[in-house]
$ cat final.txt   # compact mmCIF, C-alpha atoms
# COMPACT_ATOMS: atom_id res chain seq x y z
CA MET A 1 -11.78 1.98 -3.77
CA PRO A 2 -13.06 -1.64 -3.91
CA ALA A 3 -14.41 -3.49 -0.89
CA PRO A 4 -11.71 -5.12 1.26
CA THR A 5 -10.43 -8.59 0.49
CA PRO A 6 -10.59 -11.26 3.23
CA ALA A 7 -6.94 -10.58 4.05
CA GLU A 8 -7.62 -6.86 4.31
CA LEU A 9 -10.64 -7.46 6.54
CA THR A 10 -8.37 -9.43 8.85
CA GLU A 11 -5.88 -6.55 8.86
CA TYR A 12 -8.56 -3.96 9.68
CA ALA A 13 -9.90 -6.15 12.48
CA ALA A 14 -6.41 -6.46 13.97
CA ARG A 15 -6.01 -2.68 13.89
CA ARG A 16 -9.33 -2.18 15.67
CA GLN A 17 -8.36 -4.69 18.34
CA ARG A 18 -5.07 -2.91 18.97
CA LEU A 19 -6.98 0.32 19.47
CA ILE A 20 -9.56 -1.35 21.70
CA ARG A 21 -6.79 -2.73 23.91
CA ALA A 22 -5.22 0.73 24.15
CA MET A 23 -8.59 2.28 25.04
CA GLY A 24 -9.25 -0.06 27.92
CA PRO A 25 -12.50 -1.83 28.84
CA THR A 26 -14.40 1.36 29.75
CA GLY A 27 -13.51 3.43 26.70
CA VAL A 28 -15.53 4.23 23.59
CA ALA A 29 -14.17 5.59 20.30
CA ILE A 30 -16.18 7.70 17.86
CA ILE A 31 -14.55 8.35 14.48
CA PRO A 32 -16.40 10.31 11.78
CA SER A 33 -15.80 9.85 8.08
CA ALA A 34 -14.75 12.65 5.78
CA ARG A 35 -17.46 14.74 4.17
CA GLU A 36 -17.99 15.55 0.52
CA VAL A 37 -16.73 19.00 -0.41
CA ILE A 38 -18.22 21.25 -3.07
CA ARG A 39 -15.74 22.40 -5.70
CA ASN A 40 -18.11 24.73 -7.53
CA ARG A 41 -21.89 24.79 -7.72
CA ASP A 42 -23.07 21.19 -8.15
CA ALA A 43 -19.61 19.70 -8.66
CA HIS A 44 -17.73 18.00 -5.82
CA TYR A 45 -14.06 17.43 -5.30
CA ARG A 46 -13.14 13.77 -5.63
CA PHE A 47 -13.96 12.15 -2.31
CA ARG A 48 -11.04 11.16 -0.08
CA GLN A 49 -11.89 9.26 3.09
CA ASP A 50 -10.65 10.42 6.49
CA SER A 51 -7.40 8.56 7.12
CA ASP A 52 -8.31 7.33 10.62
CA PHE A 53 -11.64 6.03 9.35
CA LEU A 54 -9.97 4.34 6.37
CA TYR A 55 -7.26 2.82 8.57
CA LEU A 56 -9.80 1.07 10.77
CA SER A 57 -12.38 -0.02 8.21
CA GLY A 58 -11.48 0.40 4.54
CA PHE A 59 -14.92 1.97 4.15
CA ASN A 60 -14.87 4.68 1.50
CA GLU A 61 -18.18 6.54 1.80
CA PRO A 62 -18.97 9.96 3.29
CA ASP A 63 -21.53 10.76 6.01
CA SER A 64 -20.60 7.79 8.17
CA LEU A 65 -19.46 7.08 11.71
CA LEU A 66 -17.34 4.28 13.12
CA VAL A 67 -17.82 3.44 16.80
CA LEU A 68 -15.77 1.01 18.91
CA VAL A 69 -17.25 -0.10 22.24
CA PRO A 70 -15.11 -2.65 24.12
CA ASN A 71 -16.96 -5.60 25.67
CA ARG A 72 -20.32 -4.56 24.25
CA LYS A 73 -22.60 -7.58 24.29
CA GLU A 74 -24.11 -6.92 20.86
CA GLY A 75 -20.69 -6.34 19.26
CA GLU A 76 -17.73 -3.98 19.64
CA PHE A 77 -17.60 -2.61 16.07
CA LEU A 78 -20.54 -0.45 14.98
CA MET A 79 -21.02 1.61 11.85
CA PHE A 80 -23.58 4.30 11.04
CA VAL A 81 -23.80 4.81 7.28
CA ARG A 82 -25.97 6.28 4.56
CA PRO A 83 -29.06 4.23 3.73
CA ARG A 84 -29.45 2.51 0.40
CA ASP A 85 -31.29 4.84 -1.97
CA ALA A 86 -32.05 3.62 -5.46
CA ALA A 87 -32.72 7.11 -6.81
CA ARG A 88 -29.54 8.69 -5.39
CA GLU A 89 -27.42 5.72 -6.42
CA ILE A 90 -28.38 6.33 -10.06
CA TRP A 91 -26.83 9.79 -9.76
CA ASP A 92 -24.02 9.37 -7.23
CA GLY A 93 -23.00 5.72 -7.28
CA ARG A 94 -23.58 2.62 -5.22
CA ARG A 95 -23.86 2.64 -1.44
CA ALA A 96 -23.08 -0.20 0.92
CA GLY A 97 -25.91 0.57 3.31
CA PRO A 98 -26.08 -1.01 6.78
CA GLU A 99 -26.32 -4.51 5.29
CA GLY A 100 -23.16 -4.00 3.24
CA ALA A 101 -21.33 -2.49 6.19
CA VAL A 102 -21.85 -5.81 7.99
CA SER A 103 -21.42 -8.27 5.12
CA ARG A 104 -18.62 -6.53 3.21
CA TYR A 105 -16.79 -4.54 5.90
CA GLY A 106 -17.12 -6.73 8.97
CA ALA A 107 -19.17 -4.47 11.25
CA ASP A 108 -20.81 -6.31 14.15
CA GLN A 109 -23.83 -4.04 13.78
CA ALA A 110 -24.66 -1.25 11.36
CA PHE A 111 -27.40 1.37 11.25
CA VAL A 112 -28.39 4.28 9.06
CA ILE A 113 -26.64 7.48 10.04
CA ASP A 114 -29.86 9.10 11.29
CA GLU A 115 -30.00 6.50 14.07
CA PHE A 116 -26.81 7.77 15.70
CA ASP A 117 -28.45 10.53 17.73
CA LYS A 118 -30.95 8.05 19.17
CA GLN A 119 -28.29 5.52 20.16
CA LEU A 120 -25.53 7.85 21.33
CA GLN A 121 -26.65 8.04 24.96
CA ASP A 122 -26.71 4.24 25.29
CA LEU A 123 -23.25 4.05 23.72
CA LEU A 124 -21.74 6.61 26.10
CA ALA A 125 -23.55 5.78 29.35
CA GLY A 126 -21.32 3.97 31.80
CA ARG A 127 -18.18 4.64 29.76
CA GLU A 128 -15.36 6.50 31.47
CA ARG A 129 -13.30 7.69 28.50
CA VAL A 130 -14.40 8.95 25.09
CA PHE A 131 -11.79 8.75 22.35
CA TYR A 132 -12.83 11.53 20.02
CA THR A 133 -10.97 14.56 18.67
CA PHE A 134 -13.02 17.69 19.34
CA GLY A 135 -12.55 20.62 16.98
CA GLU A 136 -12.16 18.63 13.77
CA HIS A 137 -15.79 17.67 13.15
CA PRO A 138 -18.04 20.67 13.86
CA GLU A 139 -21.17 18.80 12.82
CA TRP A 140 -20.64 16.13 15.53
CA ASP A 141 -18.97 18.10 18.36
CA PRO A 142 -22.16 19.70 19.75
CA LYS A 143 -24.14 16.46 19.58
CA ILE A 144 -21.55 14.54 21.57
CA ALA A 145 -21.12 17.34 24.11
CA ALA A 146 -24.90 17.68 24.55
CA CYS A 147 -25.29 13.95 25.06
CA VAL A 148 -22.67 13.91 27.79
CA ARG A 149 -24.47 16.78 29.55
CA GLU A 150 -27.74 14.84 29.40
CA ILE A 151 -26.12 11.75 30.89
CA ARG A 152 -24.64 13.83 33.71
CA GLU A 153 -28.05 15.26 34.52
CA VAL A 154 -29.54 11.80 35.06
CA SER A 155 -26.40 10.05 36.30
CA ARG A 156 -27.67 9.88 39.91
CA ARG A 157 -30.46 7.61 38.71
CA GLY A 158 -28.48 5.58 36.22
CA ALA A 159 -25.14 5.00 34.51
CA ALA A 160 -22.39 7.55 35.06
CA ALA A 161 -21.31 9.98 32.34
CA PRO A 162 -17.83 9.86 30.77
CA THR A 163 -15.26 11.89 32.66
CA ASP A 164 -12.32 11.88 30.22
CA PHE A 165 -12.09 12.93 26.58
CA VAL A 166 -9.01 11.72 24.73
CA ALA A 167 -7.82 12.96 21.34
CA LEU A 168 -6.95 10.22 18.91
CA GLU A 169 -3.38 11.54 18.66
CA THR A 170 -2.51 9.79 21.90
CA THR A 171 -3.67 6.35 20.80
CA LEU A 172 -4.63 5.72 17.20
CA HIS A 173 -2.08 8.10 15.70
CA GLU A 174 0.73 6.50 17.65
CA GLN A 175 -0.49 3.13 16.39
CA ARG A 176 -0.52 4.37 12.80
CA LEU A 177 3.08 5.55 13.09
CA ILE A 178 4.43 1.98 13.10
CA LYS A 179 3.51 0.38 9.79
CA THR A 180 2.46 -3.25 9.51
CA GLU A 181 3.71 -5.51 6.73
CA ALA A 182 0.38 -5.09 4.95
CA GLU A 183 0.81 -1.32 5.00
CA LEU A 184 4.39 -1.52 3.83
CA GLU A 185 3.32 -3.60 0.85
CA LEU A 186 0.96 -0.81 -0.22
CA ILE A 187 3.57 1.89 0.39
CA ARG A 188 6.17 -0.01 -1.62
CA HIS A 189 3.75 -0.26 -4.53
CA ALA A 190 2.99 3.46 -4.35
CA CYS A 191 6.72 4.20 -4.27
CA ALA A 192 7.50 1.94 -7.23
CA VAL A 193 4.82 3.48 -9.44
CA THR A 194 5.80 7.00 -8.38
CA ALA A 195 9.43 6.26 -9.16
CA GLY A 196 8.42 5.21 -12.66
CA ALA A 197 6.42 8.41 -13.05
CA HIS A 198 9.45 10.53 -12.18
CA VAL A 199 11.64 8.67 -14.65
CA ARG A 200 8.96 9.14 -17.31
CA ALA A 201 8.90 12.87 -16.53
CA MET A 202 12.66 13.13 -16.95
CA ARG A 203 12.51 11.46 -20.34
CA ALA A 204 9.61 13.68 -21.46
CA THR A 205 11.23 16.99 -20.48
CA ARG A 206 12.66 19.18 -23.23
CA PRO A 207 13.34 22.91 -23.68
CA GLY A 208 10.28 24.59 -25.11
CA GLY A 209 7.88 22.33 -23.23
CA TRP A 210 5.55 23.29 -20.39
CA GLU A 211 5.30 22.47 -16.72
CA TRP A 212 1.71 21.29 -17.13
CA ALA A 213 2.70 18.88 -19.90
CA VAL A 214 5.29 17.23 -17.66
CA ALA A 215 2.73 17.07 -14.84
CA ALA A 216 0.39 15.28 -17.26
CA GLU A 217 3.04 12.63 -17.89
CA ILE A 218 3.28 11.98 -14.16
CA HIS A 219 -0.45 11.89 -13.61
CA HIS A 220 -0.96 9.56 -16.56
CA GLU A 221 1.48 7.11 -15.00
CA PHE A 222 -0.47 7.23 -11.73
CA GLU A 223 -3.82 6.77 -13.40
CA ARG A 224 -2.77 3.86 -15.58
CA HIS A 225 -1.78 2.00 -12.41
CA GLY A 226 -5.10 2.68 -10.70
CA MET A 227 -3.67 5.43 -8.51
CA GLU A 228 -4.25 9.13 -7.98
CA CYS A 229 -2.17 12.05 -6.73
CA GLY A 230 -1.42 11.85 -3.02
CA TYR A 231 -1.12 15.66 -2.98
CA GLY A 232 -0.93 18.51 -5.46
CA SER A 233 2.05 17.93 -7.73
CA ILE A 234 4.79 20.56 -7.80
CA VAL A 235 6.39 20.96 -11.23
CA GLY A 236 8.52 24.09 -11.06
CA GLY A 237 10.99 25.15 -13.72
CA GLY A 238 13.65 27.82 -13.27
CA ASP A 239 12.86 30.38 -10.58
CA ASN A 240 9.64 28.55 -9.73
CA ALA A 241 11.71 25.87 -7.98
CA CYS A 242 12.48 28.45 -5.29
CA ILE A 243 8.79 28.51 -4.31
CA LEU A 244 8.45 25.61 -1.89
CA HIS A 245 4.76 24.88 -2.51
CA TYR A 246 4.56 26.02 -6.12
CA LYS A 247 1.32 24.62 -7.60
CA GLU A 248 0.51 26.64 -10.71
CA ASN A 249 2.47 24.34 -13.08
CA GLU A 250 1.81 26.74 -15.96
CA SER A 251 5.19 28.13 -17.09
CA PRO A 252 7.32 27.26 -20.12
CA LEU A 253 10.47 25.17 -19.70
CA ASN A 254 13.56 27.11 -20.71
CA ASP A 255 16.87 25.82 -21.99
CA GLY A 256 19.50 26.04 -19.25
CA ASP A 257 17.05 25.96 -16.34
CA LEU A 258 16.41 23.22 -13.81
CA LEU A 259 13.05 21.53 -13.25
CA LEU A 260 12.02 20.55 -9.72
CA ILE A 261 9.28 17.92 -9.45
CA ASP A 262 7.72 16.99 -6.11
CA ALA A 263 4.99 14.42 -6.79
CA GLY A 264 3.64 11.26 -5.20
CA GLY A 265 1.00 8.75 -6.19
CA GLU A 266 -1.53 7.35 -3.72
CA TYR A 267 -2.42 3.64 -3.74
CA ARG A 268 -5.36 2.42 -1.63
CA GLY A 269 -4.88 5.41 0.64
CA TYR A 270 -1.08 5.23 1.01
CA THR A 271 1.08 7.79 -0.72
CA ALA A 272 4.65 8.11 -1.91
CA ASP A 273 6.49 11.45 -1.82
CA ILE A 274 9.44 11.92 -4.19
CA THR A 275 11.32 15.02 -5.32
CA ARG A 276 13.93 15.24 -8.03
CA THR A 277 15.60 18.26 -9.64
CA PHE A 278 17.12 17.88 -13.09
CA PRO A 279 18.29 19.99 -16.05
CA ILE A 280 15.67 20.72 -18.69
CA ASN A 281 18.24 20.33 -21.47
CA GLY A 282 19.70 17.15 -19.96
CA THR A 283 23.02 18.55 -18.66
CA TYR A 284 23.71 20.35 -15.39
CA SER A 285 25.66 23.58 -15.69
CA GLY A 286 28.73 24.06 -13.50
CA ALA A 287 26.84 26.14 -10.93
CA GLN A 288 23.83 23.83 -10.95
CA LYS A 289 26.03 20.79 -10.47
CA ALA A 290 27.93 22.43 -7.59
CA VAL A 291 24.72 23.19 -5.68
CA TYR A 292 23.20 19.82 -6.54
CA GLU A 293 26.18 17.90 -5.19
CA VAL A 294 25.90 19.74 -1.87
CA VAL A 295 22.21 18.80 -1.54
CA LEU A 296 22.83 15.20 -2.59
CA ALA A 297 25.65 14.76 -0.07
CA ALA A 298 23.42 16.15 2.67
CA GLN A 299 20.62 13.76 1.72
CA VAL A 300 22.88 10.70 1.68
CA ALA A 301 24.25 11.63 5.10
CA ALA A 302 20.76 12.23 6.50
CA ILE A 303 19.40 8.91 5.20
CA ALA A 304 22.16 7.05 7.04
CA GLU A 305 20.78 8.44 10.32
CA LEU A 306 17.45 6.60 9.97
CA THR A 307 18.65 3.78 12.18
CA ALA A 308 16.61 2.22 14.96
CA GLY A 309 17.51 3.87 18.26
CA ASN A 310 18.74 7.13 16.72
CA ALA A 311 16.86 10.29 17.66
CA SER A 312 14.35 11.25 14.97
CA SER A 313 15.91 14.72 14.93
CA ARG A 314 19.24 13.38 13.68
CA PRO A 315 18.51 13.49 9.92
CA HIS A 316 17.68 17.19 10.10
CA GLU A 317 20.69 17.98 12.27
CA VAL A 318 23.06 16.12 9.95
CA ALA A 319 21.52 17.57 6.78
CA THR A 320 21.60 21.11 8.18
CA ARG A 321 25.29 20.82 9.01
CA ALA A 322 26.18 19.35 5.62
CA LEU A 323 24.18 22.00 3.80
CA THR A 324 25.68 24.83 5.83
CA GLU A 325 29.18 23.55 5.18
CA GLY A 326 28.29 23.43 1.51
CA MET A 327 26.88 26.97 1.59
CA VAL A 328 30.16 28.23 3.00
CA ALA A 329 32.14 26.35 0.35
CA LEU A 330 29.93 27.81 -2.41
CA GLY A 331 30.26 31.33 -1.03
CA LEU A 332 26.57 31.65 -0.14
CA LEU A 333 27.48 32.13 3.53
CA SER A 334 30.66 33.02 5.34
CA GLY A 335 31.74 32.33 8.89
CA ASP A 336 31.94 29.52 11.41
CA VAL A 337 29.51 26.70 10.61
CA ASP A 338 28.39 26.18 14.23
CA SER A 339 27.71 29.90 14.66
CA LEU A 340 25.85 30.13 11.37
CA ILE A 341 23.55 27.27 12.40
CA ALA A 342 23.05 28.62 15.93
CA ASP A 343 22.13 32.04 14.52
CA GLY A 344 19.80 30.53 11.91
CA LYS A 345 21.73 32.07 9.00
CA HIS A 346 21.35 28.88 6.96
CA ARG A 347 17.60 29.44 6.83
CA GLN A 348 18.03 32.06 4.13
CA PHE A 349 18.64 29.20 1.70
CA TYR A 350 17.29 26.18 3.63
CA MET A 351 14.10 27.11 5.43
CA HIS A 352 12.24 23.82 5.94
CA GLY A 353 12.68 20.56 7.81
CA THR A 354 14.47 17.55 6.38
CA GLY A 355 11.62 15.05 6.59
CA HIS A 356 8.22 14.00 7.88
CA TRP A 357 6.37 10.78 8.63
CA LEU A 358 4.70 9.17 5.62
CA GLY A 359 1.72 6.83 5.32
CA LEU A 360 -2.01 7.37 4.85
CA ASP A 361 -1.31 11.10 5.06
CA VAL A 362 1.56 12.57 3.10
CA HIS A 363 2.48 14.40 6.32
CA ASP A 364 1.53 11.43 8.42
CA VAL A 365 0.46 11.30 12.04
CA GLY A 366 2.61 10.52 15.07
CA ARG A 367 4.50 12.70 17.51
CA TYR A 368 8.06 13.74 16.75
CA LYS A 369 8.82 14.43 20.40
CA ILE A 370 7.84 12.72 23.65
CA ASP A 371 8.06 14.86 26.80
CA GLY A 372 9.95 17.45 24.77
CA VAL A 373 12.64 15.03 23.59
CA ALA A 374 13.00 13.75 20.03
CA ARG A 375 11.65 10.21 19.94
CA PRO A 376 13.94 7.40 18.82
CA PHE A 377 13.42 5.69 15.50
CA GLN A 378 11.72 2.29 15.61
CA PRO A 379 11.46 -0.36 12.90
CA GLY A 380 8.31 0.19 10.87
CA MET A 381 8.49 3.99 10.79
CA VAL A 382 8.57 5.59 7.34
CA MET A 383 10.04 9.06 6.90
CA THR A 384 10.86 11.28 3.95
CA VAL A 385 14.36 12.75 3.64
CA GLU A 386 14.29 15.96 1.60
CA PRO A 387 17.07 18.53 2.05
CA GLY A 388 17.24 21.43 -0.38
CA LEU A 389 18.82 24.75 -1.25
CA TYR A 390 16.88 27.66 -2.73
CA ILE A 391 18.69 30.74 -4.01
CA ALA A 392 16.08 33.27 -4.97
CA PRO A 393 16.68 35.38 -8.06
CA GLY A 394 18.25 38.72 -7.29
CA THR A 395 19.63 37.68 -3.89
CA PRO A 396 22.13 40.44 -3.04
CA GLY A 397 25.77 39.55 -2.48
CA ILE A 398 25.47 36.15 -4.20
CA ASP A 399 27.29 35.13 -7.37
CA PRO A 400 24.71 35.63 -10.17
CA ARG A 401 25.51 32.13 -11.48
CA PHE A 402 23.54 30.75 -8.53
CA HIS A 403 20.52 33.05 -8.84
CA GLY A 404 17.24 31.22 -9.37
CA ILE A 405 18.61 27.78 -8.56
CA GLY A 406 16.22 25.74 -6.42
CA ILE A 407 17.14 22.13 -5.68
CA ARG A 408 15.43 19.53 -3.50
CA ILE A 409 16.06 15.78 -3.44
CA GLU A 410 13.55 13.62 -1.60
CA ASP A 411 13.25 9.89 -0.94
CA ASP A 412 10.99 7.77 1.27
CA VAL A 413 12.86 5.66 3.80
CA LEU A 414 11.76 2.75 6.00
CA VAL A 415 13.45 2.23 9.35
CA THR A 416 14.34 -1.45 9.78
CA ALA A 417 16.23 -3.38 12.45
CA SER A 418 19.20 -3.61 10.09
CA GLY A 419 19.27 -0.02 8.89
CA PRO A 420 17.46 2.36 6.53
CA GLU A 421 15.71 0.98 3.44
CA VAL A 422 15.19 3.51 0.65
CA LEU A 423 11.77 2.67 -0.79
CA THR A 424 12.12 5.08 -3.71
CA HIS A 425 15.45 3.81 -5.03
CA GLY A 426 13.95 3.44 -8.51
CA VAL A 427 14.56 7.11 -9.37
CA PRO A 428 18.11 8.11 -10.35
CA LYS A 429 19.62 10.94 -8.36
CA THR A 430 23.36 11.21 -8.97
CA VAL A 431 24.36 13.71 -11.65
CA ALA A 432 25.62 10.92 -13.92
CA GLU A 433 22.49 8.81 -13.45
CA VAL A 434 20.10 11.68 -14.13
CA GLU A 435 21.94 12.83 -17.23
CA ALA A 436 22.09 9.25 -18.54
CA VAL A 437 18.32 8.83 -18.19
CA MET A 438 17.66 12.08 -19.98
CA ARG A 439 19.97 11.12 -22.83
CA GLY A 440 18.05 7.86 -23.16
$ encode --input "final.txt" --output "C-alpha cells"
Amino acid sequence: MPAPTPAELTEYAARRQRLIRAMGPTGVAIIPSAREVIRNRDAHYRFRQDSDFLYLSGFNEPDSLLVLVPNRKEGEFLMFVRPRDAAREIWDGRRAGPEGAVSRYGADQAFVIDEFDKQLQDLLAGRERVFYTFGEHPEWDPKIAACVREIREVSRRGAAAPTDFVALETTLHEQRLIKTEAELELIRHACAVTAGAHVRAMRATRPGGWEWAVAAEIHHEFERHGMECGYGSIVGGGDNACILHYKENESPLNDGDLLLIDAGGEYRGYTADITRTFPINGTYSGAQKAVYEVVLAAQVAAIAELTAGNASSRPHEVATRALTEGMVALGLLSGDVDSLIADGKHRQFYMHGTGHWLGLDVHDVGRYKIDGVARPFQPGMVMTVEPGLYIAPGTPGIDPRFHGIGIRIEDDVLVTASGPEVLTHGVPKTVAEVEAVMRG
C-alpha cells in the first residue's frame, strides 16, 4: 500500500482527533500493528495491517505501535516502528523508519520499536484511562500490565497510575461504524471492481469447467485493478453451495448444477462482499428458479428495511419471514409461519444471519445492540444483505428436485438519509438478467 496522499493524511488526522476527543484529556491509547505470520518454513502470508492501526494511520508495516496521548506537550501522535536496516530491506522491502513515520505519515514523534519499553512509564504516568484491548496482543499485554504495576508502586511519590482500562470496542469501533465520505469512496470502488469480477465469472462459467478456474477469473479482475481478496473466495458448484464456508474450490462444474460465488475484493483496506448463485449451463431449472425467486424476494424486502431509524434487526426479521413463507409454499416446511419461526424450524434451511457490518473488516466492527436492544440504523452505516436457502442432498421428506440446491444472494448496502443505496448494483440478480449475461 503506498504512503498516504495529503488528502488521506488529513483524513487520518481527523480520525485520530475524533478518538482523542472521545478518550478525554486524561486518556492514552495504545494500538499495536498486525504481526507477520509464517505460512510454512521461511515463507510468510501476505501481510495485512491491523484494521484499527490502518484506520488511524495508513501505515502498513508490522512490528509497530501507535500511541495517542491527548495534550502531550511534545505531540499527541506517537509511533514506534522498525528501524531502517539496509541489509534487511534488500531481502524484505523498504521500511519507513522513524523519520518516514514523521515525514510521510504525520506522526508528531516517532521512535524505533525497541524504545517503547523505556518510554511506556512516562506515557502512562498521570493518565487515568488506558484505551487498549487486552487479550488480542499477547506480546504487549504483559508489558503494559507490568508497567502499570510499577507506576502503582511508586505512585505515592509521583504521578498516579491509570485506574481504568477501556477496550477499543467502546470508542474506536463505534467511530469506525459510521463511514466518512472518504471511506465510502474507497468502498464504492471496491464494490464496482468486485461487481465486474462477478459478471466476468458468470461469462466464464461453462459445464465441464472447474471451480478453481472460475475463482482465477475473479482474482485476475481484482489484481488487474490493484486489489486483492478481502477474504477467501467461495466458489461452490452443485452440492458444495450447501456448505456455507466452502473454500476448497476444487470440484468440476456439472451441467444442470448451480454455482454459488461469494467473493469480495479489497481496495486500500476496504472490502466488498458479494454473493451470486447462477446456473452453470446458463438456464435455471424449474426447481432452481422456484427456490431462487424465494431468496431474491426475501433479499429485496430486507434491503428496503435499511432505512435510517429502523432497528438494525429488521432486515433479518423481514428476510426470515419471507423465506419461511417461501419454504412453506415450496413444501420444504409445513405449518403456521409464526410458529415455525418461533420454534426455529426455518433454521434447517436458513441457518445464518441476513447481514453484517462492512468496512475495513469484511465482518466489520460496531455493536449490533445497545443495552440489549437492536440499535437503529444511521446514515453512513454499511451492511451486507445476504439471505439464502440450503437444501442438503438427501434431506428426508423433501422433493428430490430440490436436493443439493444452495442459493445465497448478497449485496452491500449504504444507509443514507433518503433510504438504502445498493453499492453492488452492478451485478445482475434477477433470473432474466443473470441468464441474459450468461448468454452474452
$ closest_atom_pairs --input "final.txt" --of "stretch 190-306 of chain A" --to "stretch 404-422 of chain A" --cutoff "6 Å" --atoms "all atoms listed in the file" --output "JSON lines"
{"residue": "A:Asp239", "atom": "CA", "partner": "A:Gly404", "partner_atom": "CA", "distance": 4.6}
{"residue": "A:Ala241", "atom": "CA", "partner": "A:Gly406", "partner_atom": "CA", "distance": 4.8}
{"residue": "A:Cys242", "atom": "CA", "partner": "A:Gly406", "partner_atom": "CA", "distance": 4.8}
{"residue": "A:Ile274", "atom": "CA", "partner": "A:Glu410", "partner_atom": "CA", "distance": 5.1}
{"residue": "A:Thr275", "atom": "CA", "partner": "A:Glu410", "partner_atom": "CA", "distance": 4.6}
{"residue": "A:Arg276", "atom": "CA", "partner": "A:Ile409", "partner_atom": "CA", "distance": 5.1}
{"residue": "A:Thr277", "atom": "CA", "partner": "A:Ile407", "partner_atom": "CA", "distance": 5.7}
{"residue": "A:Leu306", "atom": "CA", "partner": "A:Pro420", "partner_atom": "CA", "distance": 5.5}
$ residues_around --input "final.txt" --residues "A:Arg203" --least-positions-apart "2" --cutoff "9 Å" --atoms "all atoms listed in the file" --output "list in words"
His198, Val199, Arg200, Ala201, Thr205, Arg206, Val437, Met438, Arg439 and Gly440 of chain A
$ residues_around --input "final.txt" --residues "A:Val318" --least-positions-apart "6" --cutoff "9 Å" --atoms "only C-alpha atoms" --output "number ranges by chain"
A: 298-299, 301-302, 305
$ atom_distance --input "final.txt" --atom1 "atom CA of A:Thr283" --atom2 "atom CA of A:Gly238"
14.2 Å
$ closest_residue --input "final.txt" --among "A:His352, A:Arg314, A:Arg224, A:Lys143" --to "A:Lys118" --atoms "all atoms listed in the file"
A:Lys143
$ closest_residue --input "final.txt" --among "A:Arg82, A:Lys345, A:His425, A:Arg48" --to "A:Ala96" --atoms "all atoms listed in the file"
A:Arg82
$ atom_distance --input "final.txt" --atom1 "atom CA of A:Phe377" --atom2 "atom CA of A:Val362"
18.5 Å
$ closest_residue --input "final.txt" --among "A:Ala87, A:Ala167, A:Ile144, A:Ile280" --to "A:Glu211" --atoms "all atoms listed in the file"
A:Ile280
$ residues_near_point --input "final.txt" --point "(-13.5, -4.8, 12.5)" --cutoff "8 Å" --atoms "all atoms listed in the file" --output "list in words"
Leu9, Thr10, Tyr12, Ala13, Ala14, Arg15, Arg16, Gln17, Leu56, Ser57, Phe77, Tyr105, Gly106, Ala107 and Asp108 of chain A
$ atom_distance --input "final.txt" --atom1 "atom CA of A:Gly353" --atom2 "atom CA of A:Pro387"
7.5 Å
$ residues_near_point --input "final.txt" --point "(17.5, 31.6, 2.8)" --cutoff "9 Å" --atoms "all atoms listed in the file" --output "count of residues only"
11
$ closest_residue --input "final.txt" --among "A:Leu123, A:Met202, A:Ala161, A:Val294" --to "A:Leu68" --atoms "only C-alpha atoms"
A:Leu123
$ residues_around --input "final.txt" --residues "A:Gly265" --least-positions-apart "5" --cutoff "9 Å" --atoms "only C-alpha atoms" --output "PyMOL selection string"
chain A and resi 190-191+193-194+197+218-219+221-223+227-231+270-273
$ residues_around --input "final.txt" --residues "stretch 244-248 of chain A" --least-positions-apart "3" --cutoff "7 Å" --atoms "all atoms listed in the file" --output "list in words"
Gly232, Ser233, Ile234, Gly236, Asn240 and Ala241 of chain A
